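As stored in query_18.cif (mmCIF, C-alpha atoms and all ligand atoms):
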```
data_run
loop_
_atom_site.label_atom_id
_atom_site.label_comp_id
_atom_site.auth_asym_id
_atom_site.auth_seq_id
_atom_site.Cartn_x
_atom_site.Cartn_y
_atom_site.Cartn_z
CA MET A 1 0.00 0.00 0.00
CA ARG A 2 1.24 3.47 -0.81
CA GLN A 3 2.37 5.41 2.26
CA ALA A 4 1.16 9.00 2.05
CA GLY A 5 3.37 12.01 2.71
CA ARG A 6 7.07 12.45 2.21
CA HIS A 7 9.28 9.56 3.34
CA PHE A 8 11.59 10.46 6.24
CA LEU A 9 15.02 9.30 5.11
CA GLN A 10 16.76 9.39 8.46
CA ILE A 11 19.60 7.04 7.72
CA PRO A 12 23.01 8.73 8.13
CA GLY A 13 23.33 9.12 4.40
CA PRO A 14 22.24 9.20 1.71
CA THR A 15 20.35 12.18 3.09
CA ASN A 16 17.30 14.11 1.92
CA VAL A 17 18.21 15.87 -1.30
CA PRO A 18 16.84 19.43 -1.13
CA ASP A 19 14.46 20.50 -3.86
CA ARG A 20 16.89 23.21 -4.93
CA VAL A 21 19.54 20.58 -5.67
CA LEU A 22 17.02 18.35 -7.47
CA ARG A 23 15.93 21.30 -9.63
CA ALA A 24 19.55 22.21 -10.37
CA MET A 25 20.17 18.70 -11.70
CA ASP A 26 16.97 18.68 -13.74
CA MET A 27 18.77 20.10 -16.76
CA PRO A 28 19.89 18.80 -20.15
CA THR A 29 23.21 17.00 -19.94
CA ILE A 30 25.79 19.05 -21.83
CA ASP A 31 28.83 18.06 -23.86
CA HIS A 32 31.50 17.35 -21.26
CA ARG A 33 34.17 18.32 -23.78
CA GLY A 34 32.34 21.40 -24.98
CA PRO A 35 32.96 25.04 -24.10
CA GLU A 36 30.27 25.36 -21.40
CA PHE A 37 31.51 22.45 -19.33
CA GLY A 38 34.88 23.88 -18.29
CA ALA A 39 33.25 26.64 -16.26
CA LEU A 40 31.14 24.11 -14.37
CA GLY A 41 34.17 21.90 -13.68
CA LEU A 42 36.23 24.80 -12.37
CA ARG A 43 33.31 26.00 -10.27
CA VAL A 44 32.78 22.68 -8.49
CA ILE A 45 36.49 22.03 -7.93
CA ASP A 46 36.79 25.47 -6.38
CA GLY A 47 33.57 24.95 -4.45
CA LEU A 48 34.89 21.77 -2.84
CA ARG A 49 38.11 23.61 -1.94
CA SER A 50 36.02 26.16 -0.08
CA ILE A 51 34.18 23.44 1.87
CA ALA A 52 37.25 21.32 2.69
CA LYS A 53 39.22 24.55 3.34
CA CYS A 54 42.12 23.61 1.15
CA SER A 55 44.13 25.20 -1.61
CA GLY A 56 45.45 22.20 -3.54
CA PRO A 57 43.93 20.07 -6.28
CA VAL A 58 40.59 18.33 -5.79
CA PHE A 59 40.00 15.25 -7.95
CA ILE A 60 36.32 14.37 -8.36
CA TYR A 61 35.32 10.83 -9.32
CA PRO A 62 32.03 9.50 -10.69
CA ALA A 63 32.09 6.93 -7.89
CA SER A 64 30.81 6.25 -4.40
CA GLY A 65 32.98 7.05 -1.38
CA SER A 66 34.75 3.70 -1.50
CA GLY A 67 36.32 4.72 -4.81
CA ALA A 68 37.87 7.79 -3.20
CA TRP A 69 39.25 5.58 -0.39
CA GLU A 70 40.98 3.44 -3.00
CA ALA A 71 42.16 6.49 -4.94
CA ALA A 72 43.81 8.01 -1.85
CA LEU A 73 45.82 4.84 -1.19
CA ALA A 74 46.56 3.86 -4.79
CA ASN A 75 47.96 7.27 -5.71
CA THR A 76 50.31 7.76 -2.78
CA LEU A 77 51.64 4.34 -1.75
CA SER A 78 53.66 1.41 -3.06
CA PRO A 79 53.11 -2.36 -2.72
CA GLY A 80 53.86 -3.58 0.80
CA ASP A 81 53.85 -0.08 2.35
CA HIS A 82 53.04 -0.02 6.01
CA VAL A 83 50.08 2.21 6.93
CA LEU A 84 48.68 2.99 10.36
CA MET A 85 44.88 2.85 10.55
CA TYR A 86 42.59 3.24 13.54
CA GLU A 87 39.66 0.94 14.22
CA THR A 88 36.94 3.48 14.93
CA GLY A 89 34.25 1.15 13.56
CA HIS A 90 32.77 -0.51 10.49
CA PHE A 91 33.92 2.09 7.96
CA ALA A 92 37.49 2.19 9.25
CA SER A 93 37.47 -1.62 8.94
CA LEU A 94 36.26 -1.44 5.33
CA TRP A 95 39.00 1.04 4.46
CA LYS A 96 41.58 -1.29 6.01
CA ALA A 97 40.21 -4.18 3.92
CA ILE A 98 40.75 -2.07 0.78
CA ALA A 99 44.34 -1.40 1.88
CA GLU A 100 44.90 -5.15 2.29
CA ARG A 101 43.38 -5.96 -1.09
CA LEU A 102 45.66 -3.37 -2.70
CA GLY A 103 48.70 -5.17 -1.28
CA LEU A 104 49.50 -2.67 1.47
CA ASP A 105 50.43 -3.68 5.00
CA PRO A 106 47.93 -1.95 7.28
CA GLU A 107 48.41 -1.95 11.02
CA PHE A 108 45.16 -1.44 12.93
CA ILE A 109 45.10 0.29 16.30
CA GLN A 110 42.23 -1.65 17.81
CA SER A 111 39.37 -0.23 19.83
CA ASP A 112 35.94 -1.20 21.15
CA TRP A 113 34.37 1.31 18.67
CA ARG A 114 32.89 3.38 21.50
CA ALA A 115 35.11 6.45 21.02
CA GLY A 116 36.94 8.25 18.26
CA VAL A 117 40.66 8.14 17.60
CA ASN A 118 42.92 8.29 20.64
CA PRO A 119 45.73 10.59 19.45
CA ALA A 120 48.05 9.39 22.21
CA ALA A 121 47.97 5.88 20.71
CA ILE A 122 48.93 7.28 17.31
CA GLU A 123 51.73 9.35 18.83
CA ALA A 124 53.09 6.37 20.76
CA ARG A 125 53.09 4.13 17.68
CA LEU A 126 54.75 6.75 15.48
CA THR A 127 57.36 7.55 18.14
CA ASP A 128 58.25 3.85 18.18
CA ASP A 129 58.62 3.80 14.39
CA LYS A 130 62.20 5.08 14.35
CA SER A 131 62.83 3.86 10.80
CA HIS A 132 59.76 5.69 9.50
CA SER A 133 58.39 2.53 7.94
CA ILE A 134 54.84 3.88 8.38
CA LYS A 135 54.02 5.82 5.24
CA ALA A 136 50.53 7.04 6.09
CA VAL A 137 48.13 7.49 8.99
CA CYS A 138 44.51 6.90 7.91
CA VAL A 139 41.57 7.93 10.08
CA VAL A 140 37.83 8.33 9.69
CA HIS A 141 36.70 11.77 10.88
CA ASN A 142 33.12 10.78 11.65
CA GLU A 143 32.57 7.04 12.08
CA THR A 144 29.07 6.66 10.66
CA SER A 145 28.57 3.21 12.20
CA THR A 146 29.13 4.32 15.80
CA GLY A 147 28.33 8.01 16.01
CA CYS A 148 31.81 8.91 17.25
CA ALA A 149 33.70 11.81 15.68
CA SER A 150 37.46 12.17 16.03
CA LYS A 151 39.46 15.35 16.61
CA ILE A 152 41.59 15.65 13.50
CA ASP A 153 43.58 18.61 14.83
CA GLU A 154 44.68 16.36 17.71
CA VAL A 155 45.73 13.63 15.30
CA ARG A 156 47.84 16.21 13.45
CA LYS A 157 49.47 17.27 16.72
CA ALA A 158 50.19 13.64 17.57
CA ILE A 159 52.00 13.14 14.24
CA ASP A 160 53.96 16.37 14.74
CA SER A 161 54.88 15.52 18.33
CA ALA A 162 56.29 12.20 17.13
CA ASN A 163 58.16 14.18 14.47
CA HIS A 164 57.03 11.62 11.92
CA PRO A 165 56.83 12.22 8.14
CA ALA A 166 53.79 9.96 7.46
CA LEU A 167 51.02 11.32 5.26
CA LEU A 168 47.71 12.03 7.01
CA MET A 169 44.59 10.80 5.19
CA VAL A 170 41.14 11.59 6.52
CA ASP A 171 37.77 10.16 5.50
CA THR A 172 35.23 13.01 5.78
CA ILE A 173 32.41 11.19 4.01
CA SER A 174 29.86 11.76 6.80
CA SER A 175 31.33 14.98 8.21
CA LEU A 176 32.18 17.37 5.39
CA GLY A 177 29.83 20.34 5.31
CA SER A 178 28.34 19.28 8.66
CA ILE A 179 31.24 19.17 11.14
CA ASP A 180 34.12 21.65 11.28
CA TYR A 181 36.94 20.52 9.00
CA ARG A 182 40.05 22.37 7.83
CA GLN A 183 42.37 20.47 5.50
CA ASP A 184 45.16 23.04 5.14
CA GLU A 185 45.14 24.28 8.73
CA TRP A 186 45.21 20.72 10.09
CA GLY A 187 47.85 19.58 7.65
CA VAL A 188 45.76 16.83 6.10
CA ASP A 189 47.38 15.34 3.00
CA VAL A 190 44.40 13.60 1.46
CA THR A 191 40.77 14.32 2.28
CA ILE A 192 38.29 11.69 1.15
CA GLY A 193 34.77 12.99 0.59
CA GLY A 194 31.46 11.76 -0.83
CA SER A 195 28.36 13.41 -2.21
CA GLN A 196 25.49 11.75 -0.39
CA LYS A 197 25.65 13.08 3.16
CA GLY A 198 26.49 16.62 4.29
CA LEU A 199 26.84 17.69 0.67
CA MET A 200 23.12 16.96 0.20
CA LEU A 201 23.47 15.22 -3.17
CA PRO A 202 22.43 11.78 -4.35
CA PRO A 203 25.12 9.09 -4.12
CA GLY A 204 27.58 8.82 -6.98
CA LEU A 205 30.31 11.42 -6.53
CA SER A 206 33.42 11.24 -4.41
CA PHE A 207 36.70 13.09 -4.32
CA ASN A 208 40.23 13.45 -3.03
CA ALA A 209 41.50 16.86 -1.91
CA VAL A 210 45.26 16.66 -2.07
CA SER A 211 48.20 18.47 -0.42
CA GLU A 212 51.52 19.27 -2.11
CA LYS A 213 53.16 16.57 0.00
CA ALA A 214 50.66 13.93 -1.18
CA LEU A 215 51.09 15.08 -4.76
CA ALA A 216 54.85 14.70 -4.40
CA ALA A 217 54.37 11.21 -2.89
CA SER A 218 52.23 10.25 -5.88
CA GLN A 219 55.19 10.90 -8.22
CA SER A 220 57.23 8.07 -6.69
CA ALA A 221 54.43 5.75 -5.47
CA THR A 222 54.17 2.56 -7.50
CA LEU A 223 50.80 0.96 -6.73
CA PRO A 224 49.07 0.40 -10.08
CA ARG A 225 46.35 2.95 -10.80
CA SER A 226 44.42 3.86 -13.88
CA PHE A 227 40.85 5.02 -13.37
CA TRP A 228 41.88 6.64 -10.06
CA SER A 229 45.08 8.23 -11.29
CA TRP A 230 45.50 11.80 -10.09
CA SER A 231 48.05 12.51 -12.81
CA GLU A 232 45.49 11.64 -15.51
CA MET A 233 43.05 14.08 -13.86
CA ALA A 234 45.45 16.92 -13.20
CA GLY A 235 45.92 18.11 -16.79
CA PRO A 236 42.28 18.28 -17.92
CA ASN A 237 41.19 19.58 -14.47
CA GLN A 238 43.29 22.73 -15.03
CA LYS A 239 40.55 23.90 -17.40
CA GLY A 240 37.68 22.21 -15.59
CA PHE A 241 37.61 19.05 -17.74
CA PHE A 242 37.96 15.36 -16.89
CA PRO A 243 39.85 12.51 -18.55
CA TYR A 244 36.64 10.49 -18.81
CA THR A 245 32.91 11.17 -18.77
CA PRO A 246 32.05 12.97 -15.53
CA SER A 247 28.67 12.84 -13.74
CA THR A 248 27.54 16.07 -15.35
CA ASN A 249 24.13 16.33 -13.69
CA LEU A 250 25.51 15.51 -10.24
CA LEU A 251 28.03 18.29 -10.79
CA TYR A 252 25.17 20.74 -11.44
CA GLY A 253 23.77 19.63 -8.10
CA LEU A 254 27.15 19.97 -6.41
CA ALA A 255 27.51 23.58 -7.56
CA GLU A 256 24.09 24.34 -6.08
CA ALA A 257 24.81 22.50 -2.82
CA VAL A 258 28.05 24.43 -2.32
CA ASP A 259 26.15 27.69 -2.85
CA MET A 260 23.53 26.61 -0.32
CA LEU A 261 26.16 25.82 2.32
CA HIS A 262 27.77 29.23 1.84
CA GLU A 263 24.42 31.02 1.90
CA GLU A 264 23.77 29.46 5.30
CA GLY A 265 27.39 29.96 6.36
CA LEU A 266 29.55 26.94 7.14
CA ASP A 267 29.82 27.84 10.82
CA ASN A 268 26.03 28.11 11.04
CA ALA A 269 25.67 24.71 9.39
CA PHE A 270 28.10 23.21 11.92
CA ALA A 271 26.20 24.83 14.81
CA ARG A 272 22.89 23.53 13.43
CA HIS A 273 24.26 19.99 13.31
CA GLU A 274 25.63 20.32 16.85
CA ARG A 275 22.23 21.48 18.06
CA HIS A 276 20.50 18.55 16.42
CA GLY A 277 23.02 16.08 17.83
CA GLU A 278 22.50 17.46 21.33
CA ALA A 279 18.70 17.47 21.01
CA THR A 280 18.77 13.86 19.79
CA ARG A 281 20.95 12.73 22.69
CA ARG A 282 18.62 14.44 25.15
CA ALA A 283 15.73 12.50 23.65
CA VAL A 284 17.66 9.22 23.88
CA GLN A 285 18.55 9.91 27.48
CA ALA A 286 14.94 10.74 28.39
CA TRP A 287 13.81 7.47 26.76
CA GLY A 288 16.19 5.72 29.16
CA LEU A 289 18.22 4.29 26.27
CA ASP A 290 21.99 4.52 25.78
CA VAL A 291 23.95 6.36 23.13
CA PHE A 292 26.58 3.96 21.77
CA CYS A 293 29.39 6.57 21.75
CA ALA A 294 30.78 6.47 25.28
CA GLU A 295 33.08 9.50 24.99
CA PRO A 296 31.14 12.80 25.18
CA ARG A 297 34.03 14.73 23.53
CA HIS A 298 33.52 12.49 20.50
CA TYR A 299 29.74 12.67 20.17
CA SER A 300 28.90 12.99 16.49
CA SER A 301 26.65 15.82 15.44
CA THR A 302 25.55 14.03 12.26
CA VAL A 303 24.52 10.58 13.50
CA THR A 304 23.44 9.11 16.83
CA THR A 305 23.81 5.36 17.31
CA VAL A 306 21.35 4.12 19.93
CA MET A 307 21.70 0.80 21.77
CA MET A 308 18.68 -1.47 21.91
CA PRO A 309 17.69 -2.78 25.33
CA GLU A 310 18.91 -6.36 25.93
CA GLY A 311 16.74 -8.92 24.11
CA HIS A 312 15.23 -6.45 21.62
CA SER A 313 16.01 -6.43 17.92
CA GLY A 314 17.10 -3.18 16.29
CA ASP A 315 16.06 -4.47 12.88
CA ALA A 316 12.56 -5.44 14.06
CA PHE A 317 12.18 -1.98 15.62
CA ARG A 318 13.32 -0.27 12.42
CA ALA A 319 10.86 -2.34 10.38
CA VAL A 320 8.00 -1.16 12.62
CA VAL A 321 9.08 2.47 12.19
CA ARG A 322 9.40 2.08 8.42
CA ASP A 323 6.12 0.24 7.90
CA THR A 324 4.05 2.26 10.35
CA PHE A 325 5.50 5.76 10.13
CA ASN A 326 7.19 5.86 6.72
CA MET A 327 10.63 6.58 8.12
CA SER A 328 13.95 4.82 7.47
CA LEU A 329 16.45 4.64 10.33
CA GLY A 330 20.00 3.34 9.95
CA ASN A 331 20.80 -0.28 10.80
CA GLY A 332 23.58 -1.65 12.97
CA LEU A 333 26.63 -2.59 10.91
CA SER A 334 28.81 -5.70 11.23
CA LYS A 335 29.33 -6.41 14.93
CA LEU A 336 26.55 -3.96 15.83
CA ALA A 337 24.01 -5.68 13.53
CA ASP A 338 20.58 -5.77 15.15
CA ARG A 339 22.00 -4.38 18.44
CA VAL A 340 21.61 -0.70 17.61
CA PHE A 341 19.75 1.68 15.36
CA ARG A 342 21.13 4.90 13.95
CA ILE A 343 19.40 8.25 13.64
CA GLY A 344 20.81 10.39 10.84
CA HIS A 345 20.46 14.12 11.52
CA LEU A 346 22.57 15.62 8.80
CA GLY A 347 22.37 17.42 5.51
CA ASP A 348 19.43 19.63 4.61
CA PHE A 349 17.67 19.28 7.95
CA ASN A 350 15.92 21.60 10.37
CA ASP A 351 14.35 21.63 13.84
CA LEU A 352 10.91 20.53 12.68
CA MET A 353 12.33 17.69 10.62
CA LEU A 354 14.20 16.56 13.73
CA ALA A 355 11.01 16.87 15.78
CA GLY A 356 9.24 14.62 13.26
CA THR A 357 12.13 12.16 13.26
CA LEU A 358 12.25 11.87 17.04
CA SER A 359 8.47 11.57 17.16
CA GLY A 360 8.72 8.65 14.74
CA VAL A 361 11.28 6.98 16.98
CA GLU A 362 9.21 7.52 20.12
CA LEU A 363 6.04 6.24 18.43
CA GLY A 364 7.98 3.28 17.08
CA LEU A 365 9.35 2.35 20.50
CA GLU A 366 5.79 2.28 21.79
CA VAL A 367 4.33 0.29 18.89
CA ALA A 368 7.25 -2.18 18.80
CA GLY A 369 6.98 -2.77 22.55
CA VAL A 370 10.54 -1.64 23.26
CA PRO A 371 10.86 -0.73 26.94
CA HIS A 372 11.46 3.00 27.33
CA GLU A 373 10.43 6.06 29.31
CA LYS A 374 8.10 8.65 27.82
CA GLY A 375 9.23 12.20 27.18
CA GLY A 376 12.18 11.97 24.77
CA VAL A 377 10.53 14.22 22.20
CA SER A 378 9.52 16.73 24.90
CA ALA A 379 13.09 16.86 26.18
CA ALA A 380 14.40 17.52 22.67
CA LEU A 381 11.75 20.18 21.99
CA ALA A 382 12.53 21.96 25.26
CA TYR A 383 16.18 22.15 24.26
CA LEU A 384 15.39 23.30 20.70
CA ALA A 385 13.06 26.00 22.05
CA GLU A 386 15.72 27.22 24.48
CA GLU A 387 18.32 27.38 21.72
CA ALA A 388 15.95 29.15 19.32
CA ALA A 389 15.06 31.74 21.98
CA LYS A 390 18.76 32.28 22.69
CA ALA A 391 19.48 32.79 18.98
CA ARG A 392 16.64 35.31 18.67
CA ARG A 393 17.90 37.26 21.68
CA SER A 394 21.44 37.39 20.36
CA SER A 395 20.31 38.49 16.87
CA ALA A 396 18.22 41.28 18.47
CA GLU A 397 21.26 42.61 20.39
C1 LIG B 1 32.52 7.33 6.97
C2 LIG B 1 32.26 6.58 5.71
N1 LIG B 1 33.29 6.22 4.94
C3 LIG B 1 33.10 5.55 3.79
C4 LIG B 1 31.85 5.19 3.37
C5 LIG B 1 31.71 4.39 2.10
O1 LIG B 1 31.12 5.18 1.14
P1 LIG B 1 30.26 4.55 -0.07
O2 LIG B 1 29.23 3.66 0.56
O3 LIG B 1 29.70 5.78 -0.71
O4 LIG B 1 31.20 3.82 -0.94
C6 LIG B 1 30.74 5.54 4.13
C7 LIG B 1 29.39 5.18 3.69
O5 LIG B 1 28.42 5.34 4.40
C8 LIG B 1 30.95 6.25 5.33
O6 LIG B 1 29.92 6.61 6.11
#
```
Show me the file's structure as structure tokens.
Ligand SMILES: Cc1ncc(COP(=O)(O)O)c(C=O)c1O
Amino acid sequence: MRQAGRHFLQIPGPTNVPDRVLRAMDMPTIDHRGPEFGALGLRVIDGLRSIAKCSGPVFIYPASGSGAWEAALANTLSPGDHVLMYETGHFASLWKAIAERLGLDPEFIQSDWRAGVNPAAIEARLTDDKSHSIKAVCVVHNETSTGCASKIDEVRKAIDSANHPALLMVDTISSLGSIDYRQDEWGVDVTIGGSQKGLMLPPGLSFNAVSEKALAASQSATLPRSFWSWSEMAGPNQKGFFPYTPSTNLLYGLAEAVDMLHEEGLDNAFARHERHGEATRRAVQAWGLDVFCAEPRHYSSTVTTVMMPEGHSGDAFRAVVRDTFNMSLGNGLSKLADRVFRIGHLGDFNDLMLAGTLSGVELGLEVAGVPHEKGGVSAALAYLAEEAAKARRSSAE
């Protein structure tokens, strides 16, 4: 049976694509080697620089985020290279698996997934690596499976304190445009980004933003690369073109999404996400449930992973919410399968959409017979009202 009304897509990406972005893509596809295209290409490359806060090249792929993971490794490293990765959760584990399949030698700093990166562990490992056998440190900024966000500036400091020359690669797939990120200032060598989360686009685009140091490493790195090769991209990109057929209509959408983020102001977008993360956690706490992330400094402002009470299935709960209230929530991934559900609160999202989302969760808990306290939505609304009143007072001053 058709479910009336707009579906609530509250998985932590892909996110709701705003109408403005949909309209921007609803255009004839143009000749990607013709005169009009170059301006679009230059505009989106520059636009991504302004979001990642970087000044170097940005290579955009017609691929999902996993492609940009592979591109980052394949362009900068050689077979057998030792890389230091940090087990923040499911996505960090997938990235490590790619490194293994490419013939690299990843070392995983293990964790229980309940916090972000511990920079002291990175510093200790790098300090031990006197021969500088570690060629890169790879971390996930916002671990979408757990709802823990790492402090990338602290990772940078850890590498500097160990006085280690390793490249720093950061996956920003579920943080860019939603959580503060500064590639140049934090000395990140390769930023990995994707279209379908904070950038408010459909899936299908990903990119690498690259430092001079990473570009230099790519000159001597010997892992085979073809489709992902930065050097194939660099020439045509100078004039906004690509070595193969780009996702023209997604690029129209990207140009619009970048404009939208700047119209709001990046800092305002970050503050909005923080507010929604906090409101969501207040609801979870009032329901008497537990947030999976156990380190408050690492709470994610884009996704909240909620633990199911013992003996209750996260997947059965999500099915009730989907079938009864027309809302998709995120599932638990790998070792968290069925033990948690995830609430995505990122992208083109406002207070009332969050209120609807949390209402759907609270209704679902009731209908699915999951033990909980009442009042989660009220707790979130009280916080949102307080914050809105504060913002009005400060704009009146
Ligand atoms: C943090 C993070 N990294 C990487 C990926 C993989 O991206 P994709 O599924 O677009 O290949 C995801 C997907 O959700 C993600 O959340």
**Message:** Using all atoms listed in the file, which residues of the polymer chains come no farther than 8 Å from ligand LIG 1 (chain B)? I'd like the answer as a ChimeraX atom specification.
**Reply:** /A:12-14,63-67,69,91-92,94-95,140-145,171-175,194-196,203-204,206
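Note that the spacing between atom CA of A:Lys135 and atom CA of A:Leu167 amounts to 6.3 Å.
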**Request:** Name the closest residue to A:His132 among the candidates A:Val340, A:Ala355, A:Ile159, A:Leu48; distances are taken between atoms, counting all atoms listed in the file.
**Result:** A:Ile159
**Request:** Work out how far atom CA of A:Phe108 is from atom CA of A:Val188, in Å to one decimal.
**Result:** 19.5 Å
**Message:** For a cutoff of 6 Å around the file-coordinate point (30.3, 21.5, 12.1), which residues qualify once you count only C-alpha atoms? I'd like the result as a PyMOL selection string.
**Reply:** chain A and resi 178-180+270-271
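The space separating atom CA of A:Ser218 from atom CA of A:Ala234 comes to 12.0 Å.
Nearest residue to A:Met1, choosing from A:Arg392, A:Ser247, A:Asp338, A:Thr324 and counting all atoms listed in the file: A:Thr324.
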**Item:** Long-range neighbours of A:Asp26 as a list in words, 9 Å cut-off, only C-alpha atoms, 5 positions minimum in chain
**Value:** Val21, Asn249, Tyr252 and Gly253 of chain A
**Item:** Within 12 Å of file point (36.7, 9.1, -8.0), counting only C-alpha atoms, expressed as an NGL selection string
**Value:** :A and (58-72 or 74-75 or 192-195 or 204-209 or 225-230 or 232-233 or 242-247)
Mind dumping the selected residues with C-alpha atoms as a tab-separated table (two decimals), in the frame of the given file?
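File selection.tsv, as written:
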```
chain	number	residue	atom	x	y	z
A	58	VAL	CA	40.59	18.33	-5.79
A	59	PHE	CA	40.00	15.25	-7.95
A	60	ILE	CA	36.32	14.37	-8.36
A	61	TYR	CA	35.32	10.83	-9.32
A	62	PRO	CA	32.03	9.50	-10.69
A	63	ALA	CA	32.09	6.93	-7.89
A	64	SER	CA	30.81	6.25	-4.40
A	65	GLY	CA	32.98	7.05	-1.38
A	66	SER	CA	34.75	3.70	-1.50
A	67	GLY	CA	36.32	4.72	-4.81
A	68	ALA	CA	37.87	7.79	-3.20
A	69	TRP	CA	39.25	5.58	-0.39
A	70	GLU	CA	40.98	3.44	-3.00
A	71	ALA	CA	42.16	6.49	-4.94
A	72	ALA	CA	43.81	8.01	-1.85
A	74	ALA	CA	46.56	3.86	-4.79
A	75	ASN	CA	47.96	7.27	-5.71
A	192	ILE	CA	38.29	11.69	1.15
A	193	GLY	CA	34.77	12.99	0.59
A	194	GLY	CA	31.46	11.76	-0.83
A	195	SER	CA	28.36	13.41	-2.21
A	204	GLY	CA	27.58	8.82	-6.98
A	205	LEU	CA	30.31	11.42	-6.53
A	206	SER	CA	33.42	11.24	-4.41
A	207	PHE	CA	36.70	13.09	-4.32
A	208	ASN	CA	40.23	13.45	-3.03
A	209	ALA	CA	41.50	16.86	-1.91
A	225	ARG	CA	46.35	2.95	-10.80
A	226	SER	CA	44.42	3.86	-13.88
A	227	PHE	CA	40.85	5.02	-13.37
A	228	TRP	CA	41.88	6.64	-10.06
A	229	SER	CA	45.08	8.23	-11.29
A	230	TRP	CA	45.50	11.80	-10.09
A	232	GLU	CA	45.49	11.64	-15.51
A	233	MET	CA	43.05	14.08	-13.86
A	242	PHE	CA	37.96	15.36	-16.89
A	243	PRO	CA	39.85	12.51	-18.55
A	244	TYR	CA	36.64	10.49	-18.81
A	245	THR	CA	32.91	11.17	-18.77
A	246	PRO	CA	32.05	12.97	-15.53
A	247	SER	CA	28.67	12.84	-13.74
```
Which residues are near A:Pro18? Cut-off 12 Å, all atoms listed in the file, ignore same chain within fewer than 5 positions. Put them as a PDB file with C-alpha atoms, in the frame of the given file.
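Result file is around_21.pdb:
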```
ATOM      1  CA  ARG A  23      15.930  21.300  -9.630  1.00  0.00           C
ATOM      2  CA  ALA A  24      19.550  22.210 -10.370  1.00  0.00           C
ATOM      3  CA  MET A  25      20.170  18.700 -11.700  1.00  0.00           C
ATOM      4  CA  GLN A 196      25.490  11.750  -0.390  1.00  0.00           C
ATOM      5  CA  LYS A 197      25.650  13.080   3.160  1.00  0.00           C
ATOM      6  CA  GLY A 198      26.490  16.620   4.290  1.00  0.00           C
ATOM      7  CA  LEU A 199      26.840  17.690   0.670  1.00  0.00           C
ATOM      8  CA  MET A 200      23.120  16.960   0.200  1.00  0.00           C
ATOM      9  CA  LEU A 201      23.470  15.220  -3.170  1.00  0.00           C
ATOM     10  CA  PRO A 202      22.430  11.780  -4.350  1.00  0.00           C
ATOM     11  CA  GLY A 253      23.770  19.630  -8.100  1.00  0.00           C
ATOM     12  CA  LEU A 254      27.150  19.970  -6.410  1.00  0.00           C
ATOM     13  CA  GLU A 256      24.090  24.340  -6.080  1.00  0.00           C
ATOM     14  CA  ALA A 257      24.810  22.500  -2.820  1.00  0.00           C
ATOM     15  CA  MET A 260      23.530  26.610  -0.320  1.00  0.00           C
ATOM     16  CA  LEU A 261      26.160  25.820   2.320  1.00  0.00           C
ATOM     17  CA  GLY A 347      22.370  17.420   5.510  1.00  0.00           C
ATOM     18  CA  ASP A 348      19.430  19.630   4.610  1.00  0.00           C
ATOM     19  CA  PHE A 349      17.670  19.280   7.950  1.00  0.00           C
ATOM     20  CA  ASN A 350      15.920  21.600  10.370  1.00  0.00           C
TER      21      ASN A 350
END
```
**Item:** All residues 12 Å or closer to A:Leu336, all atoms listed in the file, same chain fewer than 4 positions away omitted, as a PyMOL selection string
**Value:** chain A and resi 89-90+112-114+145-146+292+305-308+313-315+330-332+340-342
Could the residues in this selection be saved with C-alpha atoms as a PDB file, keeping the file's coordinate frame?
```pdb
ATOM      1  CA  GLY A  89      34.250   1.150  13.560  1.00  0.00           C
ATOM      2  CA  HIS A  90      32.770  -0.510  10.490  1.00  0.00           C
ATOM      3  CA  ASP A 112      35.940  -1.200  21.150  1.00  0.00           C
ATOM      4  CA  TRP A 113      34.370   1.310  18.670  1.00  0.00           C
ATOM      5  CA  ARG A 114      32.890   3.380  21.500  1.00  0.00           C
ATOM      6  CA  SER A 145      28.570   3.210  12.200  1.00  0.00           C
ATOM      7  CA  THR A 146      29.130   4.320  15.800  1.00  0.00           C
ATOM      8  CA  PHE A 292      26.580   3.960  21.770  1.00  0.00           C
ATOM      9  CA  THR A 305      23.810   5.360  17.310  1.00  0.00           C
ATOM     10  CA  VAL A 306      21.350   4.120  19.930  1.00  0.00           C
ATOM     11  CA  MET A 307      21.700   0.800  21.770  1.00  0.00           C
ATOM     12  CA  MET A 308      18.680  -1.470  21.910  1.00  0.00           C
ATOM     13  CA  SER A 313      16.010  -6.430  17.920  1.00  0.00           C
ATOM     14  CA  GLY A 314      17.100  -3.180  16.290  1.00  0.00           C
ATOM     15  CA  ASP A 315      16.060  -4.470  12.880  1.00  0.00           C
ATOM     16  CA  GLY A 330      20.000   3.340   9.950  1.00  0.00           C
ATOM     17  CA  ASN A 331      20.800  -0.280  10.800  1.00  0.00           C
ATOM     18  CA  GLY A 332      23.580  -1.650  12.970  1.00  0.00           C
ATOM     19  CA  VAL A 340      21.610  -0.700  17.610  1.00  0.00           C
ATOM     20  CA  PHE A 341      19.750   1.680  15.360  1.00  0.00           C
ATOM     21  CA  ARG A 342      21.130   4.900  13.950  1.00  0.00           C
TER      22      ARG A 342
END
```
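If you measure from each of A:Ala136, A:Val377, A:Ile51, A:Leu363 to A:His164 using all atoms listed in the file, the closest one turns out to be A:Ala136.
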**Request:** Counting only C-alpha atoms, figure out which residue out of A:Gly360, A:Ile98, A:Ala158, A:Gly344 gets nearest to A:Thr127.
**Result:** A:Ala158
Kindly assemble as a Markdown table a list of the stretch 316-371 of chain A residues that lie within 10 Å of stretch 281-289 of chain A, each paired with its nearest atom pair and their distance in Å to one decimal, using all atoms listed in the file, sorted first by chain and then by ascending residue number.
```
| residue | atom | partner | partner_atom | distance |
| --- | --- | --- | --- | --- |
| A:Leu358 | CA | A:Ala283 | CA | 7.5 |
| A:Ser359 | CA | A:Ala283 | CA | 9.8 |
| A:Val361 | CA | A:Val284 | CA | 9.7 |
| A:Glu362 | CA | A:Trp287 | CA | 8.1 |
| A:Leu365 | CA | A:Trp287 | CA | 9.2 |
| A:Pro371 | CA | A:Gly288 | CA | 8.7 |
```
